[in-house]
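So this one's start-v6.pdb, PDB, C-alpha atoms and all ligand atoms:
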```pdb
ATOM      1  CA  MET A   1       0.000   0.000   0.000
ATOM      2  CA  ARG A   2       1.182   3.515  -0.740
ATOM      3  CA  TYR A   3       0.515   6.156   1.887
ATOM      4  CA  GLU A   4       1.502   9.818   1.710
ATOM      5  CA  GLY A   5       2.518  11.299   5.073
ATOM      6  CA  ILE A   6       0.890  10.357   8.364
ATOM      7  CA  VAL A   7      -2.534   8.803   7.863
ATOM      8  CA  TYR A   8      -5.188   9.430  10.521
ATOM      9  CA  ARG A   9      -8.268   7.327  11.134
ATOM     10  CA  PRO A  10     -10.982   7.135  13.805
ATOM     11  CA  PRO A  11     -10.191   4.740  16.710
ATOM     12  CA  SER A  12     -12.973   2.407  15.566
ATOM     13  CA  GLU A  13     -11.225   1.910  12.221
ATOM     14  CA  ALA A  14      -8.094   0.421  13.813
ATOM     15  CA  ARG A  15      -8.589  -2.889  11.997
ATOM     16  CA  SER A  16      -9.812  -1.434   8.711
ATOM     17  CA  LEU A  17      -8.103  -1.374   5.359
ATOM     18  CA  ILE A  18      -7.255   2.285   4.825
ATOM     19  CA  VAL A  19      -6.995   3.724   1.330
ATOM     20  CA  GLN A  20      -6.188   7.387   0.719
ATOM     21  CA  LEU A  21      -8.609   8.978  -1.715
ATOM     22  CA  THR A  22      -7.396  12.450  -0.920
ATOM     23  CA  VAL A  23      -4.180  13.715   0.583
ATOM     24  CA  GLY A  24      -4.721  16.195   3.414
ATOM     25  CA  CYS A  25      -7.797  18.256   4.186
ATOM     26  CA  ALA A  26      -9.341  20.799   1.813
ATOM     27  CA  HIS A  27     -10.257  23.102   4.728
ATOM     28  CA  ASN A  28      -7.091  22.742   6.815
ATOM     29  CA  ARG A  29      -7.786  25.863   8.887
ATOM     30  CA  CYS A  30      -9.158  24.667  12.225
ATOM     31  CA  THR A  31      -7.054  26.314  14.919
ATOM     32  CA  PHE A  32      -6.579  23.180  17.062
ATOM     33  CA  CYS A  33      -5.732  20.782  14.224
ATOM     34  CA  THR A  34      -2.287  20.132  12.814
ATOM     35  CA  MET A  35      -3.015  16.735  11.302
ATOM     36  CA  TYR A  36      -2.630  17.796   7.699
ATOM     37  CA  LYS A  37      -0.595  20.991   7.995
ATOM     38  CA  ASP A  38       2.354  19.425   6.166
ATOM     39  CA  LYS A  39       0.230  18.229   3.248
ATOM     40  CA  VAL A  40      -0.912  20.166   0.218
ATOM     41  CA  PHE A  41      -4.462  19.068  -0.438
ATOM     42  CA  ARG A  42      -5.135  17.035  -3.549
ATOM     43  CA  ILE A  43      -7.490  14.380  -4.776
ATOM     44  CA  ARG A  44      -5.526  11.311  -5.820
ATOM     45  CA  SER A  45      -5.980  10.064  -9.361
ATOM     46  CA  ARG A  46      -8.465   7.332 -10.050
ATOM     47  CA  GLU A  47      -5.625   5.143 -11.335
ATOM     48  CA  GLU A  48      -3.644   5.472  -8.085
ATOM     49  CA  ILE A  49      -6.699   4.704  -5.961
ATOM     50  CA  PHE A  50      -7.785   1.703  -8.050
ATOM     51  CA  GLN A  51      -4.236   0.343  -8.013
ATOM     52  CA  ASP A  52      -4.190   0.563  -4.193
ATOM     53  CA  PHE A  53      -7.416  -1.436  -3.957
ATOM     54  CA  LYS A  54      -6.055  -3.991  -6.425
ATOM     55  CA  ASP A  55      -2.785  -4.356  -4.468
ATOM     56  CA  ALA A  56      -4.682  -4.658  -1.176
ATOM     57  CA  ALA A  57      -6.985  -7.318  -2.647
ATOM     58  CA  SER A  58      -4.032  -9.475  -3.682
ATOM     59  CA  ALA A  59      -2.314  -8.937  -0.313
ATOM     60  CA  TYR A  60      -5.262  -9.363   2.065
ATOM     61  CA  GLY A  61      -7.857 -11.249   0.007
ATOM     62  CA  GLY A  62     -10.974 -12.044   1.993
ATOM     63  CA  ALA A  63      -9.605 -10.796   5.317
ATOM     64  CA  VAL A  64     -10.922  -7.254   4.978
ATOM     65  CA  LYS A  65     -14.184  -6.588   6.781
ATOM     66  CA  ARG A  66     -14.022  -2.805   6.975
ATOM     67  CA  ILE A  67     -12.617  -0.145   4.663
ATOM     68  CA  PHE A  68     -11.874   3.440   5.650
ATOM     69  CA  LEU A  69     -11.430   6.094   2.977
ATOM     70  CA  ALA A  70      -8.816   8.669   4.040
ATOM     71  CA  ASP A  71      -7.628  11.467   4.357
ATOM     72  CA  GLY A  72      -9.547  14.333   5.917
ATOM     73  CA  ASP A  73     -12.636  14.581   3.721
ATOM     74  CA  ALA A  74     -13.151  11.935   1.051
ATOM     75  CA  LEU A  75     -16.677  13.261   0.435
ATOM     76  CA  VAL A  76     -15.179  16.289  -1.302
ATOM     77  CA  ILE A  77     -14.798  14.029  -4.364
ATOM     78  CA  LYS A  78     -17.458  14.339  -7.075
ATOM     79  CA  THR A  79     -20.241  11.825  -6.577
ATOM     80  CA  ALA A  80     -19.789  10.044  -9.931
ATOM     81  CA  VAL A  81     -16.092   9.426  -9.207
ATOM     82  CA  LEU A  82     -16.722   8.427  -5.597
ATOM     83  CA  SER A  83     -19.441   6.087  -6.756
ATOM     84  CA  ASP A  84     -17.019   4.323  -9.132
ATOM     85  CA  ILE A  85     -14.423   4.044  -6.350
ATOM     86  CA  LEU A  86     -16.959   2.522  -3.955
ATOM     87  CA  LYS A  87     -18.093   0.026  -6.592
ATOM     88  CA  TYR A  88     -14.497  -0.953  -7.295
ATOM     89  CA  ALA A  89     -13.792  -1.332  -3.564
ATOM     90  CA  LYS A  90     -16.789  -3.664  -3.263
ATOM     91  CA  LYS A  91     -15.628  -5.609  -6.313
ATOM     92  CA  CYS A  92     -12.179  -6.092  -4.740
ATOM     93  CA  PHE A  93     -13.624  -6.879  -1.301
ATOM     94  CA  PRO A  94     -17.138  -8.315  -1.761
ATOM     95  CA  GLU A  95     -17.085  -9.576   1.839
ATOM     96  CA  ALA A  96     -16.452  -6.098   3.302
ATOM     97  CA  GLU A  97     -19.245  -5.196   5.703
ATOM     98  CA  ARG A  98     -18.636  -1.480   5.942
ATOM     99  CA  ILE A  99     -17.050   1.353   4.012
ATOM    100  CA  SER A 100     -16.679   4.630   5.888
ATOM    101  CA  ALA A 101     -15.028   8.022   5.470
ATOM    102  CA  TYR A 102     -14.553  11.378   7.120
ATOM    103  CA  GLY A 103     -16.915  13.967   5.670
ATOM    104  CA  THR A 104     -17.178  17.665   6.412
ATOM    105  CA  PRO A 105     -20.676  19.123   6.884
ATOM    106  CA  LEU A 106     -20.231  21.330   3.823
ATOM    107  CA  ASP A 107     -19.266  18.366   1.646
ATOM    108  CA  VAL A 108     -22.406  16.581   2.799
ATOM    109  CA  LEU A 109     -24.572  19.630   2.134
ATOM    110  CA  ARG A 110     -23.091  20.068  -1.359
ATOM    111  CA  LYS A 111     -24.394  16.649  -2.346
ATOM    112  CA  THR A 112     -28.054  16.135  -3.178
ATOM    113  CA  GLU A 113     -30.081  13.526  -1.300
ATOM    114  CA  SER A 114     -30.226  11.340  -4.399
ATOM    115  CA  GLU A 115     -26.424  11.499  -4.642
ATOM    116  CA  LEU A 116     -26.051  10.446  -1.008
ATOM    117  CA  ILE A 117     -28.551   7.630  -1.483
ATOM    118  CA  GLN A 118     -26.545   6.488  -4.509
ATOM    119  CA  LEU A 119     -23.342   6.482  -2.426
ATOM    120  CA  ARG A 120     -25.102   4.454   0.259
ATOM    121  CA  LYS A 121     -26.233   1.920  -2.351
ATOM    122  CA  ASP A 122     -22.635   1.762  -3.591
ATOM    123  CA  GLY A 123     -21.474   0.793  -0.101
ATOM    124  CA  LEU A 124     -20.856   3.959   1.943
ATOM    125  CA  LYS A 125     -22.247   2.947   5.323
ATOM    126  CA  LEU A 126     -20.851   5.499   7.773
ATOM    127  CA  VAL A 127     -19.599   9.091   7.707
ATOM    128  CA  TYR A 128     -17.485  10.511  10.531
ATOM    129  CA  MET A 129     -18.258  14.185  10.934
ATOM    130  CA  GLY A 130     -16.057  16.377  13.088
ATOM    131  CA  ALA A 131     -18.502  18.837  14.663
ATOM    132  CA  GLU A 132     -16.048  19.684  17.479
ATOM    133  CA  SER A 133     -18.622  21.963  19.159
ATOM    134  CA  GLY A 134     -22.298  22.817  19.011
ATOM    135  CA  ASN A 135     -21.656  26.377  20.114
ATOM    136  CA  GLN A 136     -21.568  28.971  17.353
ATOM    137  CA  THR A 137     -19.032  31.235  19.098
ATOM    138  CA  VAL A 138     -16.660  28.328  19.689
ATOM    139  CA  LEU A 139     -17.041  27.236  16.057
ATOM    140  CA  GLU A 140     -16.087  30.750  14.953
ATOM    141  CA  HIS A 141     -13.126  30.886  17.362
ATOM    142  CA  ILE A 142     -11.711  27.636  16.010
ATOM    143  CA  CYS A 143     -12.273  28.667  12.359
ATOM    144  CA  LYS A 144     -14.370  25.582  11.677
ATOM    145  CA  GLY A 145     -15.792  27.271   8.611
ATOM    146  CA  VAL A 146     -19.290  25.970   9.234
ATOM    147  CA  THR A 147     -22.235  26.935  11.439
ATOM    148  CA  LYS A 148     -23.890  24.754  14.057
ATOM    149  CA  ASP A 149     -27.063  24.774  11.954
ATOM    150  CA  GLN A 150     -25.133  23.481   8.949
ATOM    151  CA  ILE A 151     -23.631  20.682  11.063
ATOM    152  CA  ILE A 152     -27.099  19.700  12.274
ATOM    153  CA  GLU A 153     -28.524  19.895   8.752
ATOM    154  CA  ALA A 154     -25.692  17.728   7.372
ATOM    155  CA  GLY A 155     -26.107  15.103  10.108
ATOM    156  CA  GLN A 156     -29.864  14.928   9.615
ATOM    157  CA  LYS A 157     -29.424  14.715   5.845
ATOM    158  CA  LEU A 158     -27.057  11.741   6.105
ATOM    159  CA  LYS A 159     -29.532   9.979   8.369
ATOM    160  CA  ARG A 160     -32.450  10.655   6.002
ATOM    161  CA  CYS A 161     -30.373   9.072   3.230
ATOM    162  CA  GLY A 162     -29.716   5.947   5.309
ATOM    163  CA  ILE A 163     -26.010   6.643   5.919
ATOM    164  CA  GLY A 164     -24.757   6.138   9.479
ATOM    165  CA  VAL A 165     -23.369   9.195  11.251
ATOM    166  CA  SER A 166     -20.645   9.454  13.840
ATOM    167  CA  VAL A 167     -20.180  12.921  15.347
ATOM    168  CA  THR A 168     -16.949  13.888  17.065
ATOM    169  CA  LEU A 169     -16.791  16.617  19.716
ATOM    170  CA  ILE A 170     -13.777  18.042  21.503
ATOM    171  CA  SER A 171     -13.685  18.639  25.248
ATOM    172  CA  GLY A 172     -12.098  21.891  26.289
ATOM    173  CA  LEU A 173     -12.556  23.839  23.058
ATOM    174  CA  GLY A 174     -14.573  26.545  24.823
ATOM    175  CA  GLY A 175     -11.894  26.959  27.484
ATOM    176  CA  LYS A 176     -13.002  28.006  30.965
ATOM    177  CA  GLU A 177     -14.678  31.026  29.394
ATOM    178  CA  LEU A 178     -17.273  29.048  27.389
ATOM    179  CA  LEU A 179     -17.244  25.756  29.271
ATOM    180  CA  LYS A 180     -20.958  25.755  29.998
ATOM    181  CA  GLU A 181     -22.026  27.003  26.561
ATOM    182  CA  HIS A 182     -19.810  24.449  24.801
ATOM    183  CA  ALA A 183     -21.151  21.551  26.892
ATOM    184  CA  VAL A 184     -24.828  22.490  26.674
ATOM    185  CA  ASP A 185     -24.701  23.313  22.965
ATOM    186  CA  CYS A 186     -22.826  20.091  22.173
ATOM    187  CA  ALA A 187     -25.712  18.314  23.903
ATOM    188  CA  ALA A 188     -28.224  20.308  21.841
ATOM    189  CA  LEU A 189     -26.422  19.444  18.604
ATOM    190  CA  ILE A 190     -26.343  15.722  19.397
ATOM    191  CA  SER A 191     -30.003  15.839  20.488
ATOM    192  CA  ALA A 192     -30.911  17.424  17.141
ATOM    193  CA  VAL A 193     -28.906  15.016  14.964
ATOM    194  CA  LYS A 194     -29.360  11.839  17.050
ATOM    195  CA  PRO A 195     -26.327  10.233  15.393
ATOM    196  CA  ASP A 196     -25.518   6.540  15.546
ATOM    197  CA  TYR A 197     -22.307   7.304  17.402
ATOM    198  CA  THR A 198     -20.838  10.271  19.200
ATOM    199  CA  GLY A 199     -17.757  10.802  21.273
ATOM    200  CA  PHE A 200     -15.434  13.316  22.821
ATOM    201  CA  LEU A 201     -11.747  13.742  22.262
ATOM    202  CA  THR A 202      -9.984  16.148  24.625
ATOM    203  CA  LEU A 203      -8.043  19.163  23.431
ATOM    204  CA  MET A 204      -4.294  18.514  23.383
ATOM    205  CA  LEU A 205      -1.856  21.276  22.689
ATOM    206  CA  ASP A 206       0.508  21.182  19.786
ATOM    207  CA  ASP A 207       3.058  23.991  19.430
ATOM    208  CA  GLU A 208       2.180  24.318  15.755
ATOM    209  CA  ALA A 209      -1.549  24.838  16.403
ATOM    210  CA  PRO A 210      -2.826  28.444  16.521
ATOM    211  CA  ILE A 211      -5.004  27.607  19.544
ATOM    212  CA  THR A 212      -1.819  27.037  21.588
ATOM    213  CA  GLU A 213      -0.862  30.666  21.000
ATOM    214  CA  GLN A 214      -4.315  31.785  22.196
ATOM    215  CA  ILE A 215      -3.838  29.791  25.395
ATOM    216  CA  LYS A 216      -0.324  31.140  25.942
ATOM    217  CA  SER A 217      -1.572  34.704  25.447
ATOM    218  CA  GLY A 218      -4.355  34.174  27.977
ATOM    219  CA  ALA A 219      -7.159  34.588  25.433
ATOM    220  CA  LEU A 220      -8.364  31.046  26.202
ATOM    221  CA  THR A 221      -7.977  29.150  29.483
ATOM    222  CA  LEU A 222      -7.030  25.494  29.181
ATOM    223  CA  LEU A 223      -9.306  23.159  31.121
ATOM    224  CA  LYS A 224      -7.987  21.019  33.954
ATOM    225  CA  PRO A 225      -9.236  17.415  34.282
ATOM    226  CA  GLU A 226     -11.739  18.553  36.957
ATOM    227  CA  ASP A 227     -13.151  21.142  34.516
ATOM    228  CA  ILE A 228     -13.459  18.505  31.799
ATOM    229  CA  LEU A 229     -15.434  16.400  34.254
ATOM    230  CA  GLU A 230     -17.798  19.307  34.857
ATOM    231  CA  GLU A 231     -18.166  19.830  31.113
ATOM    232  CA  MET A 232     -18.972  16.121  30.641
ATOM    233  CA  ARG A 233     -21.507  16.221  33.451
ATOM    234  CA  LEU A 234     -23.282  19.174  31.837
ATOM    235  CA  PHE A 235     -23.287  17.437  28.465
ATOM    236  CA  LEU A 236     -24.812  14.263  29.899
ATOM    237  CA  ARG A 237     -27.437  16.183  31.864
ATOM    238  CA  HIS A 238     -28.622  18.023  28.749
ATOM    239  CA  VAL A 239     -28.330  15.483  25.944
ATOM    240  CA  ASP A 240     -31.337  13.552  24.636
ATOM    241  CA  SER A 241     -30.404  11.094  21.905
ATOM    242  CA  GLU A 242     -31.921   7.685  22.554
ATOM    243  CA  GLY A 243     -29.783   4.840  21.237
ATOM    244  CA  THR A 244     -26.687   6.847  20.330
ATOM    245  CA  VAL A 245     -23.511   4.975  21.210
ATOM    246  CA  PHE A 246     -21.375   7.307  23.324
ATOM    247  CA  ARG A 247     -17.613   7.021  23.711
ATOM    248  CA  SER A 248     -15.041   9.111  25.519
ATOM    249  CA  ASN A 249     -12.244   6.576  25.448
ATOM    250  CA  HIS A 250      -9.748   8.162  23.065
ATOM    251  CA  ALA A 251      -6.112   8.337  24.167
ATOM    252  CA  SER A 252      -6.452  12.119  24.567
ATOM    253  CA  ASN A 253      -9.228  11.823  27.182
ATOM    254  CA  TYR A 254      -8.631  12.366  30.904
ATOM    255  CA  ILE A 255     -11.887  10.539  31.577
ATOM    256  CA  VAL A 256     -12.720   7.186  30.041
ATOM    257  CA  LEU A 257     -16.453   6.844  29.674
ATOM    258  CA  LYS A 258     -18.701   4.721  27.490
ATOM    259  CA  GLY A 259     -22.333   3.815  27.258
ATOM    260  CA  THR A 260     -25.483   4.176  25.233
ATOM    261  CA  LEU A 261     -27.571   7.346  25.400
ATOM    262  CA  ASN A 262     -29.999   7.875  27.075
ATOM    263  CA  LYS A 263     -30.258   4.657  29.061
ATOM    264  CA  ASP A 264     -26.718   4.757  30.467
ATOM    265  CA  ILE A 265     -26.688   8.450  31.400
ATOM    266  CA  PRO A 266     -27.497   7.834  35.117
ATOM    267  CA  TYR A 267     -24.737   5.211  35.272
ATOM    268  CA  MET A 268     -22.242   7.504  33.512
ATOM    269  CA  LEU A 269     -23.095  10.402  35.861
ATOM    270  CA  ARG A 270     -22.512   8.142  38.855
ATOM    271  CA  TYR A 271     -19.229   7.027  37.329
ATOM    272  CA  LEU A 272     -18.191  10.680  36.976
ATOM    273  CA  ASP A 273     -18.903  11.157  40.699
ATOM    274  CA  GLU A 274     -16.599   8.220  41.490
ATOM    275  CA  ILE A 275     -13.838   9.579  39.260
ATOM    276  CA  GLU A 276     -14.144  12.946  40.980
ATOM    277  CA  GLU A 277     -14.058  11.450  44.474
ATOM    278  CA  GLU A 278     -11.044   9.281  43.712
ATOM    279  CA  GLY A 279      -9.270  11.751  41.375
ATOM    280  CA  ARG A 280      -9.021   8.931  38.839
ATOM    281  CA  PHE A 281      -8.037  10.874  35.710
ATOM    282  CA  ARG A 282      -5.738   9.574  32.989
ATOM    283  CA  PRO A 283      -2.277  10.928  33.836
ATOM    284  CA  GLU A 284      -0.985  13.617  31.492
ATOM    285  CA  ARG A 285       1.975  11.453  30.430
ATOM    286  CA  PHE A 286      -0.328   8.755  29.081
ATOM    287  CA  ARG A 287      -2.384  11.100  26.928
ATOM    288  CA  ALA A 288      -1.846  11.065  23.179
ATOM    289  CA  LEU A 289      -3.517  11.948  19.915
TER     290      LEU A 289
HETATM  291  S1  LIG B 301     -10.319  19.376  12.096
HETATM  292 FE1  LIG B 301     -10.968  18.336  10.238
HETATM  293  S2  LIG B 301     -11.765  19.989   8.899
HETATM  294 FE2  LIG B 301     -10.528  20.966  10.507
HETATM  295  S3  LIG B 301      -8.481  21.179   9.594
HETATM  296 FE3  LIG B 301      -8.479  19.250  10.778
HETATM  297  S4  LIG B 301      -9.046  17.680   9.282
HETATM  298 FE4  LIG B 301      -9.578  19.662   8.373
END
```

Represent the structure of the file as structure tokens.
Ligand code: SF4
Amino acid sequence: MRYEGIVYRPPSEARSLIVQLTVGCAHNRCTFCTMYKDKVFRIRSREEIFQDFKDAASAYGGAVKRIFLADGDALVIKTAVLSDILKYAKKCFPEAERISAYGTPLDVLRKTESELIQLRKDGLKLVYMGAESGNQTVLEHICKGVTKDQIIEAGQKLKRCGIGVSVTLISGLGGKELLKEHAVDCAALISAVKPDYTGFLTLMLDDEAPITEQIKSGALTLLKPEDILEEMRLFLRHVDSEGTVFRSNHASNYIVLKGTLNKDIPYMLRYLDEIEEEGRFRPERFRAL
């Protein structure tokens, strides 16, 4: 397999075949994200992509159950081309149970419902959407380039078209200043979309990320583990999304939490109380992206 630069994937795609359809992220401006800063965005040629699937099929044969289309936003690709790629992936791996990709809300909104339905029929089962926050001010601060209403609209559209949705949020993005707003509005966003999956990562500072400069200058106050716990508590008290699988078990998280909304909310709130009482946060040295 040929990979350009570091390839990122969601934790749940750890065992998936990963094929790069694009290199980098077309947006590449979020202030906390340095994942693709060293890459100049481009869509790989159809020949390169098809060759990768062909090589993977001869190397792994029937062992591939899941396929993840990288990098940052495979849905930016025109529907007709993406459709051909999905069909070819299924031809190479007929036993694959799931094909998934990252997709930005704007990429989803640019596609018509009939295009999304076509992509679902071609095998696209799940789209990971980085919402990061449900609070409009936070979204503007981090230069997300999209409004909370657009994120909600994109999530609802994917669901209407039968494509699974996984929404990622980031603890700490509002800083101390907007802790409450970030938590409550993240809950409102998830309640509006009711995605199949949602989860929190926790903000980690990278010297190259513009948000680090904001924290150093005092414009944004970094949350301590105890603050993150308060943020999580607020989120769980406000969210209403029956059946959504909830995870906060990424390596960046101070607090490891998992359950299904809404039924496990009381259990998760009790678990937060225990963590608080015992000070059982993941030590800083074990955190990673
Ligand atoms: S967070 Fe997502 S959309 Fe923003 S720059 Fe990083 S990869 Fe691109």

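Among A:Ile67, A:Val127, A:Val256, A:Leu178, the residue with the shortest atom-to-atom distance to Ala14 (chain A), counting only C-alpha atoms, is A:Ile67.
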
Tell me which residues the PyMOL selection byres (((chain A and resi 45) around 12) and not hetatm) grabs here, as a ChimeraX atom specification. /A:20-23,42-44,46-52,77,81-82,85

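Using all atoms listed in the file, the protein and nucleic acid residues lying no more than 7 Å from region 102-111 of chain A, apart from those fewer than 3 places from it along its own chain, are Gly72, Asp73, Ala74, Leu75, Val76, Glu115, Leu116, Val127, Tyr128, Met129, Gly130, Gln150, Ile151 and Ala154 of chain A.
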
Please list as JSON, numbers by chain every residue within 7 Å of region 198-208 of chain A, counting only C-alpha atoms and excluding residues in the same chain fewer than 5 positions away. {"A": [34, 166, 167, 168, 169, 170, 171, 172, 173, 244, 245, 246, 247, 248, 250, 252, 253]}

For a quick check of understanding, using all atoms listed in the file, which of A:Leu257, A:Cys161, A:Ala219, A:Val193 has the smallest distance to Met232 (chain A)? A:Leu257

Could you build a table of the residues in chain A lying no more than 6 Å from ligand LIG 301 (chain B), giving for each the nearest pair of atoms and their separation in Å rounded to one decimal place, using all atoms listed in the file, ordered by chain and ascending residue number, as JSON lines?
```
{"residue": "A:Cys25", "atom": "CA", "partner": "B:LIG301", "partner_atom": "FE4", "distance": 4.8}
{"residue": "A:His27", "atom": "CA", "partner": "B:LIG301", "partner_atom": "FE4", "distance": 5.1}
{"residue": "A:Asn28", "atom": "CA", "partner": "B:LIG301", "partner_atom": "S3", "distance": 3.5}
{"residue": "A:Arg29", "atom": "CA", "partner": "B:LIG301", "partner_atom": "S3", "distance": 4.8}
{"residue": "A:Cys30", "atom": "CA", "partner": "B:LIG301", "partner_atom": "FE2", "distance": 4.3}
{"residue": "A:Cys33", "atom": "CA", "partner": "B:LIG301", "partner_atom": "FE3", "distance": 4.7}
{"residue": "A:Gly72", "atom": "CA", "partner": "B:LIG301", "partner_atom": "S4", "distance": 4.8}
```

Report as AutoDock Vina command-line options the centre and the edge lengths, in Å to one decimal, of the axis-aligned box holding every listed atom of region 215-222 of chain A, padded by 6 Å on each side.
```
--center_x -4.3 --center_y 30.1 --center_z 27.4 --size_x 20.0 --size_y 21.2 --size_z 16.1
```

Please expand the PyMOL selection byres (((chain A and resi 285) around 12) and not hetatm) into the concrete residues it hits in this file, giving the result as a short mmCIF file (atom, residue, chain, number, x, y, z; two decimals) with C-alpha atoms, keeping the file's coordinate frame.
```
data_model
loop_
_atom_site.label_atom_id
_atom_site.label_comp_id
_atom_site.auth_asym_id
_atom_site.auth_seq_id
_atom_site.Cartn_x
_atom_site.Cartn_y
_atom_site.Cartn_z
CA MET A 204 -4.29 18.51 23.38
CA ALA A 251 -6.11 8.34 24.17
CA SER A 252 -6.45 12.12 24.57
CA ASN A 253 -9.23 11.82 27.18
CA TYR A 254 -8.63 12.37 30.90
CA PHE A 281 -8.04 10.87 35.71
CA ARG A 282 -5.74 9.57 32.99
CA PRO A 283 -2.28 10.93 33.84
CA GLU A 284 -0.98 13.62 31.49
CA PHE A 286 -0.33 8.76 29.08
CA ARG A 287 -2.38 11.10 26.93
CA ALA A 288 -1.85 11.06 23.18
CA LEU A 289 -3.52 11.95 19.92
#
```

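Closest approach to Thr260 (chain A) from the set A:Val239, A:Val184, A:Asp55, A:Ile275 is made by A:Val239, with distances taken over only C-alpha atoms.
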
CA of Glu277 (chain A) to CA of Leu220 (chain A), straight-line distance in Å: 27.4 Å

Determine the residue set returned by the PyMOL selection byres (((chain A and resi 2-7) around 8) and not hetatm) for the present structure, and present it as an NGL selection string. :A and (1 or 8-9 or 19-20 or 23 or 39 or 52 or 70-71)

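As for CA of Ile190 (chain A) and CA of Lys224 (chain A), they are spaced 24.0 Å apart.
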
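Of the residues under consideration (A:Val165, A:Leu69, A:Ala183, A:Ala101), A:Ala183 shows the shortest atom-to-atom contact distance to Ser133 (chain A) when counting only C-alpha atoms.
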
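When only C-alpha atoms are used to compute distances to Ser12 (chain A), the closest of the residues A:Asn135, A:Thr221, A:Ser100, A:Thr79 turns out to be A:Ser100.
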
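Of the listed residues (A:Glu177, A:Ile152, A:Ser114, A:Glu276), A:Glu177 comes nearest to Thr137 (chain A); the distances count all atoms listed in the file.
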
To one decimal place in Å, what is the distance between CA of Cys186 (chain A) and CA of Phe68 (chain A)? 25.9 Å

Using all atoms listed in the file and a cutoff of 12 Å, can you tell me which residues are near (-7.0, -8.3, 2.3) in the file's coordinates, and write them out as a compact mmCIF listing (two decimals) with C-alpha atoms, in the coordinates of the input?
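Wrote part-v3.txt, looks like this:
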```txt
# COMPACT_ATOMS: atom_id res chain seq x y z
CA MET A 1 0.00 0.00 0.00
CA ARG A 15 -8.59 -2.89 12.00
CA SER A 16 -9.81 -1.43 8.71
CA LEU A 17 -8.10 -1.37 5.36
CA ILE A 18 -7.26 2.28 4.82
CA ASP A 52 -4.19 0.56 -4.19
CA PHE A 53 -7.42 -1.44 -3.96
CA LYS A 54 -6.06 -3.99 -6.42
CA ASP A 55 -2.78 -4.36 -4.47
CA ALA A 56 -4.68 -4.66 -1.18
CA ALA A 57 -6.98 -7.32 -2.65
CA SER A 58 -4.03 -9.48 -3.68
CA ALA A 59 -2.31 -8.94 -0.31
CA TYR A 60 -5.26 -9.36 2.06
CA GLY A 61 -7.86 -11.25 0.01
CA GLY A 62 -10.97 -12.04 1.99
CA ALA A 63 -9.60 -10.80 5.32
CA VAL A 64 -10.92 -7.25 4.98
CA LYS A 65 -14.18 -6.59 6.78
CA ARG A 66 -14.02 -2.80 6.98
CA ILE A 67 -12.62 -0.14 4.66
CA ALA A 89 -13.79 -1.33 -3.56
CA CYS A 92 -12.18 -6.09 -4.74
CA PHE A 93 -13.62 -6.88 -1.30
CA PRO A 94 -17.14 -8.32 -1.76
CA GLU A 95 -17.08 -9.58 1.84
CA ALA A 96 -16.45 -6.10 3.30
```
